[in-house]
Structure formats: structure tokens, C-alpha cells
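Dumped data23.pdb below, it's PDB, C-alpha atoms and all ligand atoms:
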ATOM      1  CA  MET B   1       0.000   0.000   0.000
ATOM      2  CA  SER B   2       1.316   3.353  -0.982
ATOM      3  CA  GLU B   3       2.029   5.867   1.789
ATOM      4  CA  LEU B   4       1.930   8.928  -0.455
ATOM      5  CA  LYS B   5       1.003  12.173   1.287
ATOM      6  CA  LEU B   6       0.327  15.728   0.138
ATOM      7  CA  GLY B   7       3.599  17.488  -0.608
ATOM      8  CA  ASP B   8       5.427  14.251  -1.470
ATOM      9  CA  LYS B   9       7.149  14.043  -4.812
ATOM     10  CA  ALA B  10       4.933  12.137  -7.265
ATOM     11  CA  PRO B  11       6.802   8.922  -8.132
ATOM     12  CA  ASN B  12       8.056   8.787 -11.714
ATOM     13  CA  PHE B  13       7.438   5.694 -13.870
ATOM     14  CA  ASP B  14       7.584   4.306 -17.395
ATOM     15  CA  ALA B  15       4.359   2.773 -18.693
ATOM     16  CA  GLU B  16       2.650   1.335 -21.742
ATOM     17  CA  THR B  17      -0.347   3.417 -22.763
ATOM     18  CA  SER B  18      -2.974   3.644 -25.474
ATOM     19  CA  GLU B  19      -0.632   6.157 -27.157
ATOM     20  CA  GLY B  20       2.614   4.166 -26.758
ATOM     21  CA  LYS B  21       5.291   4.048 -24.090
ATOM     22  CA  ILE B  22       5.591   7.107 -21.873
ATOM     23  CA  ASN B  23       7.746   8.368 -19.059
ATOM     24  CA  PHE B  24       5.490  10.179 -16.587
ATOM     25  CA  TYR B  25       7.787  13.138 -15.920
ATOM     26  CA  ASP B  26       8.568  13.563 -19.638
ATOM     27  CA  TYR B  27       4.847  13.459 -20.388
ATOM     28  CA  LEU B  28       4.117  16.168 -17.794
ATOM     29  CA  GLY B  29       7.032  18.410 -18.726
ATOM     30  CA  ASP B  30       6.474  21.762 -16.984
ATOM     31  CA  SER B  31       2.690  21.345 -16.859
ATOM     32  CA  TRP B  32       0.368  20.611 -14.014
ATOM     33  CA  GLY B  33      -0.882  17.021 -14.122
ATOM     34  CA  ILE B  34      -3.893  14.898 -13.257
ATOM     35  CA  LEU B  35      -3.287  11.177 -12.879
ATOM     36  CA  PHE B  36      -6.553   9.288 -12.387
ATOM     37  CA  SER B  37      -7.487   5.629 -12.238
ATOM     38  CA  HIS B  38     -10.736   3.871 -13.084
ATOM     39  CA  PRO B  39     -11.795   0.299 -12.338
ATOM     40  CA  ALA B  40     -12.123  -1.237 -15.779
ATOM     41  CA  ASP B  41     -12.591  -0.691 -19.515
ATOM     42  CA  TYR B  42     -16.006  -1.299 -21.081
ATOM     43  CA  THR B  43     -17.905  -0.272 -17.948
ATOM     44  CA  PRO B  44     -20.625   2.372 -17.919
ATOM     45  CA  VAL B  45     -19.497   4.942 -15.350
ATOM     46  CA  CYS B  46     -15.899   4.870 -16.605
ATOM     47  CA  THR B  47     -17.128   5.414 -20.165
ATOM     48  CA  THR B  48     -18.922   8.614 -19.119
ATOM     49  CA  GLU B  49     -15.931   9.784 -17.059
ATOM     50  CA  LEU B  50     -13.370   9.453 -19.826
ATOM     51  CA  GLY B  51     -15.771  11.092 -22.266
ATOM     52  CA  ALA B  52     -16.223  14.002 -19.837
ATOM     53  CA  VAL B  53     -12.455  14.465 -19.482
ATOM     54  CA  ALA B  54     -12.003  14.425 -23.269
ATOM     55  CA  LYS B  55     -14.616  17.184 -23.613
ATOM     56  CA  TYR B  56     -12.681  19.345 -21.130
ATOM     57  CA  LYS B  57      -9.590  19.406 -23.371
ATOM     58  CA  ASP B  58      -9.698  23.221 -23.687
ATOM     59  CA  GLU B  59     -10.351  23.698 -19.953
ATOM     60  CA  PHE B  60      -7.268  21.635 -19.094
ATOM     61  CA  ALA B  61      -5.187  23.409 -21.758
ATOM     62  CA  GLN B  62      -6.181  26.829 -20.336
ATOM     63  CA  ARG B  63      -4.875  25.643 -16.981
ATOM     64  CA  ASN B  64      -1.648  24.210 -18.462
ATOM     65  CA  THR B  65      -2.721  20.787 -17.196
ATOM     66  CA  LYS B  66      -2.089  17.392 -18.796
ATOM     67  CA  VAL B  67      -4.249  14.397 -17.952
ATOM     68  CA  LEU B  68      -3.352  10.737 -17.810
ATOM     69  CA  ALA B  69      -5.804   7.901 -17.096
ATOM     70  CA  LEU B  70      -5.069   4.391 -15.831
ATOM     71  CA  SER B  71      -6.658   0.987 -15.475
ATOM     72  CA  VAL B  72      -5.269  -2.515 -15.173
ATOM     73  CA  ASP B  73      -6.609  -3.487 -18.620
ATOM     74  CA  GLY B  74      -4.263  -3.890 -21.602
ATOM     75  CA  VAL B  75      -3.458  -1.628 -24.539
ATOM     76  CA  GLU B  76      -5.673  -3.477 -27.053
ATOM     77  CA  SER B  77      -8.609  -3.311 -24.633
ATOM     78  CA  HIS B  78      -8.036   0.433 -24.149
ATOM     79  CA  LYS B  79      -7.898   1.039 -27.904
ATOM     80  CA  GLY B  80     -11.166  -0.802 -28.559
ATOM     81  CA  TRP B  81     -12.905   0.901 -25.653
ATOM     82  CA  ILE B  82     -11.721   4.364 -26.775
ATOM     83  CA  GLU B  83     -13.698   3.812 -29.995
ATOM     84  CA  ASP B  84     -16.791   3.142 -27.877
ATOM     85  CA  ILE B  85     -16.160   6.246 -25.738
ATOM     86  CA  ASN B  86     -15.771   8.411 -28.829
ATOM     87  CA  GLU B  87     -18.952   7.003 -30.329
ATOM     88  CA  THR B  88     -21.196   7.022 -27.259
ATOM     89  CA  GLN B  89     -19.934  10.228 -25.614
ATOM     90  CA  ASN B  90     -19.679  12.148 -28.875
ATOM     91  CA  THR B  91     -16.056  13.140 -28.335
ATOM     92  CA  THR B  92     -12.479  12.140 -29.144
ATOM     93  CA  VAL B  93     -10.318  10.808 -26.341
ATOM     94  CA  ASN B  94      -7.259  13.052 -26.453
ATOM     95  CA  PHE B  95      -5.069  11.752 -23.620
ATOM     96  CA  PRO B  96      -3.269   8.453 -22.963
ATOM     97  CA  ILE B  97      -4.665   5.639 -20.813
ATOM     98  CA  ILE B  98      -2.033   3.622 -18.970
ATOM     99  CA  ALA B  99      -2.306  -0.158 -19.455
ATOM    100  CA  ASP B 100      -1.181  -1.156 -15.967
ATOM    101  CA  GLU B 101      -1.556  -4.908 -16.349
ATOM    102  CA  ASP B 102       1.262  -5.672 -13.894
ATOM    103  CA  LYS B 103      -0.196  -3.083 -11.440
ATOM    104  CA  LYS B 104       3.167  -1.374 -11.098
ATOM    105  CA  VAL B 105       1.769   2.167 -11.215
ATOM    106  CA  SER B 106      -1.409   1.239  -9.309
ATOM    107  CA  ASN B 107       0.684  -0.055  -6.425
ATOM    108  CA  LEU B 108       3.107   2.876  -6.567
ATOM    109  CA  TYR B 109       0.151   5.264  -6.125
ATOM    110  CA  GLY B 110      -2.023   3.116  -3.835
ATOM    111  CA  MET B 111      -4.857   2.874  -6.339
ATOM    112  CA  ILE B 112      -5.927  -0.623  -5.305
ATOM    113  CA  HIS B 113      -7.960  -0.708  -2.101
ATOM    114  CA  PRO B 114      -8.291  -4.418  -1.304
ATOM    115  CA  LYS B 115     -11.355  -4.099   0.904
ATOM    116  CA  ALA B 116     -13.192  -2.377  -1.960
ATOM    117  CA  ASP B 117     -11.792  -4.654  -4.677
ATOM    118  CA  ASP B 118      -8.618  -6.718  -4.442
ATOM    119  CA  THR B 119      -7.740  -6.626  -8.151
ATOM    120  CA  LEU B 120      -9.207  -3.505  -9.767
ATOM    121  CA  THR B 121      -8.192   0.096  -9.184
ATOM    122  CA  VAL B 122     -10.663   2.420  -7.463
ATOM    123  CA  ARG B 123     -11.290   5.972  -8.732
ATOM    124  CA  SER B 124      -8.148   7.707  -7.455
ATOM    125  CA  VAL B 125      -7.161  11.225  -8.486
ATOM    126  CA  TYR B 126      -3.783  12.893  -8.027
ATOM    127  CA  VAL B 127      -3.145  16.536  -8.928
ATOM    128  CA  ILE B 128       0.542  17.207  -9.420
ATOM    129  CA  ALA B 129       2.231  20.627  -9.603
ATOM    130  CA  PRO B 130       4.940  21.528 -12.135
ATOM    131  CA  ASP B 131       7.587  20.841  -9.447
ATOM    132  CA  LYS B 132       6.126  17.279  -9.301
ATOM    133  CA  SER B 133       4.808  17.669  -5.752
ATOM    134  CA  ILE B 134       1.427  16.083  -4.997
ATOM    135  CA  LYS B 135      -1.143  18.810  -4.343
ATOM    136  CA  LEU B 136      -4.393  16.834  -4.118
ATOM    137  CA  MET B 137      -5.419  13.224  -3.560
ATOM    138  CA  ILE B 138      -9.053  12.114  -3.726
ATOM    139  CA  THR B 139     -10.429   8.588  -3.751
ATOM    140  CA  TYR B 140     -13.928   7.778  -4.971
ATOM    141  CA  PRO B 141     -15.682   4.426  -4.893
ATOM    142  CA  ALA B 142     -16.232   2.514  -8.128
ATOM    143  CA  SER B 143     -19.955   3.231  -8.032
ATOM    144  CA  THR B 144     -19.565   7.039  -8.083
ATOM    145  CA  GLY B 145     -18.464   8.900 -11.186
ATOM    146  CA  ARG B 146     -16.261  11.891 -10.495
ATOM    147  CA  ASN B 147     -17.172  15.563 -10.743
ATOM    148  CA  PHE B 148     -14.534  16.955 -13.089
ATOM    149  CA  ASP B 149     -15.790  20.517 -12.566
ATOM    150  CA  GLU B 150     -14.575  20.096  -8.992
ATOM    151  CA  LEU B 151     -11.120  19.151 -10.233
ATOM    152  CA  LEU B 152     -10.972  22.254 -12.443
ATOM    153  CA  ARG B 153     -12.104  24.318  -9.440
ATOM    154  CA  VAL B 154      -9.346  22.881  -7.234
ATOM    155  CA  ILE B 155      -6.724  23.512  -9.913
ATOM    156  CA  ASP B 156      -7.916  27.130 -10.171
ATOM    157  CA  SER B 157      -7.531  27.432  -6.397
ATOM    158  CA  LEU B 158      -4.098  25.778  -6.373
ATOM    159  CA  GLN B 159      -2.827  27.971  -9.196
ATOM    160  CA  LEU B 160      -4.113  31.125  -7.475
ATOM    161  CA  THR B 161      -2.790  30.289  -4.021
ATOM    162  CA  ALA B 162       0.611  29.344  -5.463
ATOM    163  CA  TYR B 163       1.106  33.014  -6.355
ATOM    164  CA  GLN B 164      -0.993  35.023  -3.888
ATOM    165  CA  LYS B 165      -1.166  35.012  -0.090
ATOM    166  CA  VAL B 166      -4.810  33.949  -0.128
ATOM    167  CA  ALA B 167      -6.926  30.828   0.334
ATOM    168  CA  THR B 168     -10.282  30.025  -1.252
ATOM    169  CA  PRO B 169     -13.434  29.630   0.858
ATOM    170  CA  ALA B 170     -16.123  26.948   0.732
ATOM    171  CA  ASN B 171     -17.631  26.424  -2.714
ATOM    172  CA  TRP B 172     -15.415  29.155  -4.151
ATOM    173  CA  LYS B 173     -15.301  29.485  -7.911
ATOM    174  CA  GLU B 174     -12.924  31.414 -10.196
ATOM    175  CA  GLY B 175     -13.701  35.149  -9.960
ATOM    176  CA  GLU B 176     -15.277  35.109  -6.487
ATOM    177  CA  ASP B 177     -13.900  36.747  -3.342
ATOM    178  CA  VAL B 178     -11.115  34.946  -1.491
ATOM    179  CA  VAL B 179      -9.823  34.960   2.081
ATOM    180  CA  ILE B 180      -6.539  36.571   3.090
ATOM    181  CA  SER B 181      -4.014  34.171   4.645
ATOM    182  CA  PRO B 182      -3.914  34.465   8.448
ATOM    183  CA  ALA B 183      -0.135  35.074   8.353
ATOM    184  CA  VAL B 184      -0.667  38.379   6.480
ATOM    185  CA  SER B 185      -1.006  41.437   8.750
ATOM    186  CA  ASN B 186      -3.588  44.128   7.975
ATOM    187  CA  GLU B 187      -0.740  46.497   7.079
ATOM    188  CA  GLU B 188       0.659  44.005   4.568
ATOM    189  CA  ALA B 189      -2.842  43.250   3.281
ATOM    190  CA  LYS B 190      -3.299  46.930   2.369
ATOM    191  CA  GLU B 191      -0.169  46.682   0.190
ATOM    192  CA  LEU B 192      -0.926  43.282  -1.303
ATOM    193  CA  PHE B 193      -4.607  43.788  -2.059
ATOM    194  CA  PRO B 194      -5.114  47.287  -3.477
ATOM    195  CA  LYS B 195      -8.788  46.535  -4.186
ATOM    196  CA  GLY B 196      -9.261  46.540  -0.399
ATOM    197  CA  PHE B 197     -10.534  43.946   2.030
ATOM    198  CA  LYS B 198     -13.358  43.472   4.484
ATOM    199  CA  GLU B 199     -12.514  42.374   8.028
ATOM    200  CA  VAL B 200     -15.465  40.216   9.092
ATOM    201  CA  LYS B 201     -13.414  38.972  12.067
ATOM    202  CA  PRO B 202      -9.679  39.514  12.671
ATOM    203  CA  TYR B 203      -9.119  35.968  11.326
ATOM    204  CA  LEU B 204     -11.657  36.252   8.464
ATOM    205  CA  ARG B 205     -10.768  38.904   5.907
ATOM    206  CA  MET B 206     -12.292  38.844   2.427
ATOM    207  CA  THR B 207     -10.845  40.452  -0.687
ATOM    208  CA  PRO B 208     -11.730  40.390  -4.380
ATOM    209  CA  GLN B 209      -9.816  37.683  -6.223
ATOM    210  CA  PRO B 210      -6.378  38.972  -7.259
ATOM    211  CA  ASP B 211      -4.698  37.819 -10.493
ATOM    212  CA  ASN B 212      -3.224  34.333 -10.392
ATOM    213  CA  LYS B 213       0.333  35.479 -11.082
TER     214      LYS B 213
HETATM  215  C1  LIG B 301     -18.467   1.513 -14.005
HETATM  216  O1  LIG B 301     -17.574   2.148 -14.514
HETATM  217  O2  LIG B 301     -19.623   1.597 -14.383
HETATM  218  C2  LIG B 301     -18.184   0.602 -12.837
HETATM  219  C3  LIG B 301     -16.982  -0.047 -12.765
HETATM  220  C4  LIG B 301     -16.751  -0.907 -11.713
HETATM  221  C5  LIG B 301     -17.720  -1.075 -10.735
HETATM  222  C6  LIG B 301     -18.921  -0.388 -10.804
HETATM  223  C7  LIG B 301     -19.155   0.458 -11.877
END

Please rewrite the model in this file as C-alpha cells.
Ligand code: BEZ
Amino acid sequence: MSELKLGDKAPNFDAETSEGKINFYDYLGDSWGILFSHPADYTPVCTTELGAVAKYKDEFAQRNTKVLALSVDGVESHKGWIEDINETQNTTVNFPIIADEDKKVSNLYGMIHPKADDTLTVRSVYVIAPDKSIKLMITYPASTGRNFDELLRVIDSLQLTAYQKVATPANWKEGEDVVISPAVSNEEAKELFPKGFKEVKPYLRMTPQPDNK
């Protein structure tokens, strides 16, 4: 079982995929990355998930984010299933799917949860920053398809908070007010946030979203 934690360096690997052999770090380059597993090819929820990710190609590109899927099925299975995804979801799969038949990557990332299923991967998601540190880990059960809008939202938050001394409140979305980090004094806040801020409580100060750079 993997012991990966937030802030750890995402392990690198070589893998066979639906688009040929890749090296994970080479594939990511300087981009942000999403590595996500699904239980099996030719299953209904997974078909909708991979179709949804394909349709968000421009959203991921705007966020300089590359996606990479994984299941323990083989390359030929992936290639046949991709045709079904394209047909049924009215899209074109535009990212590689790892064929992790020997479970090397699944085990490296702790994507098999034996009490849920001792052979298939669950729905794990890892968001990885350009410095290859792990910024987000979420695990969903096989029976629940993921909300990819939520992943875009988290990436927006991560990319903003990487540059600005702010954090994003509950249900925040791009363009909405953010909270000022507790470590920032009011004096510093006046300098950093020229649009001003509202002190609801000394520990809860809201400011319009600054630029994410
Ligand atoms: C699905 O993708 O539909 C699925 C896969 C494994 C278990 C349950 C559902």
C-alpha cells in the first residue's frame, strides 16, 4: 500500500499506454498534471468519465494541465474501448490511458484498495504541480463517477494560491472573493490587495480575487 502524502514528490514511472510508451515526468514536462485511475474498460461509469475528461480538453489546456488515465486493462482493450467512448460520448479521447496490467503504477500510487476490490483500481485522483509535488489526492468508490468541474475548481484554487497570499473559501469558484491568509497582517494586506478587504473577524478577511500570477 502506498504511503503517499500531500507534498510528497509524485513517483516517476515508465508505462505502456494507449498512445505508446511514456515516461510520466517527460509526459508532464512543466505542466500541471492529473493522474486518475478507473476500475475497468467497457464499464458504464468509466465510459462517461473518460468522455467528460475528453470534452474538457480546452479547460485543461487553459490551466496548463495534462491528464493521464489508468486501469489494469491492456493496450488493445483500451484502444477498442476508446472507440466506444468516442462514439457514445460524442467526443475524441485526447489523452493516454495507462495499461497497468502488472499493477506497477497502481501499487506505486495506492490505487488498489483491497477491501473495496482486491484486483481492480478504485477511482483515485492525483493533482501534481509543475515541481512534481502532490497537491491533491481524492479517492472515490467505483460506483460514483467523479465531478470533473470540482477538479478544475481545485486547480484554479491551487494555481491562485501558489502566487498570492490567499486561500479560497467553501464552494469558491474562479472570480469570487477569497480569504486573506492568516499570516498576512492588515498592514501588509493593504499593500498586497489594493482593491481593499473586508474584516469580518480579525481571522476572516475577504478580498476580491487577485490575479493568479
Ligand atoms: C463503471 O464504470 O460503471 C463501474 C466499474 C466498476 C464497478 C462499478 C461500476

### Message
Using all atoms listed in the file, which residues have at least one atom no more than 6 Å from ligand LIG 301 (chain B)? Output them as a PyMOL selection string.
### Response
chain B and resi 39-40+43-46+142-143

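In this comparison, which uses only C-alpha atoms, the residue of B:Val53, B:Ile22, B:Ile85, B:Ile34 approaching Ile155 of chain B most closely is B:Ile34.
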
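Between atom CA of Phe197 of chain B and atom CA of Glu174 of chain B the interatomic distance comes to 17.7 Å.
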
### Task
Take the PyMOL selection byres (((chain B and resi 14) around 9) and not hetatm), apply it to the structure above, and return the hits as a ChimeraX atom specification.
/B:12-13,15-16,21-25,105

### Message
One decimal, in Å: what's the spacing between atom CA of Glu87 of chain B and atom CA of Gly51 of chain B?
### Response
9.6 Å

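For the structure shown here, the set of residues caught by the PyMOL selection byres (((chain B and resi 173) around 9) and not hetatm) is Arg153, Val154, Asp156, Ser157, Thr168, Pro169, Asn171, Trp172, Glu174, Gly175, Glu176 and Asp177 of chain B.
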
### Message
Please enumerate the residues selected by the PyMOL selection byres (((chain B and resi 49) around 12) and not hetatm) when evaluated against the supplied file, formatted as a VMD selection string.
### Response
chain B and resid 36 to 48 50 to 56 69 82 85 to 86 88 to 89 91 93 123 142 to 149

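For the set B:Val127, B:Ile98, B:Leu152, B:Ala61, the residue with the smallest atom-to-atom gap to His78 of chain B is B:Ile98, counting all atoms listed in the file.
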
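Comparing B:Asp211, B:Pro141, B:Ile180, B:Thr17 by their smallest distance to Lys115 of chain B, the closest is B:Pro141 (using only C-alpha atoms).
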
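Distance-wise, atom CA of Lys5 of chain B and atom CA of Ile128 of chain B end up 11.8 Å apart.
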
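Shortest separation to Lys66 of chain B among B:Val122, B:Leu108, B:Ala99, B:Ala129 occurs at residue B:Ala129, atoms counted being all atoms listed in the file.
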
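Shell of Asn212 of chain B at 12 Å, with all atoms listed in the file counted and residues fewer than 6 places along the chain excluded, is B:Arg63, B:Ile155, B:Asp156, B:Ser157, B:Leu158, B:Gln159, B:Leu160, B:Thr161, B:Ala162, B:Tyr163, B:Gln164, B:Lys165, B:Val166, B:Ala167, B:Glu174, B:Gly175, B:Val178.
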
### Summary
Shortest contact to Glu59 of chain B, candidates B:Asp73, B:Leu151, B:Pro11, B:Asp131, atoms counted all atoms listed in the file, goes to B:Leu151

Around all listed atoms of segment 182-190 of chain B, padded 4 Å per side, what centre and edge lengths does the axis-aligned box have in Å to one decimal, as JSON?
{"center_x": -1.6, "center_y": 40.7, "center_z": 5.6, "size_x": 12.6, "size_y": 20.5, "size_z": 14.4}

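Of the listed residues (B:Tyr140, B:Asn90, B:Asp8, B:Glu150), B:Glu150 comes nearest to Ala170 of chain B; the distances count all atoms listed in the file.
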
### Task
Excluding Leu4 of chain B and any residue of its chain fewer than 6 positions from it, enumerate the residues within 10 Å of it, using only C-alpha atoms, and give them as a list in words.
Ala10, Pro11, Leu108, Tyr109, Gly110, Ile134 and Met137 of chain B
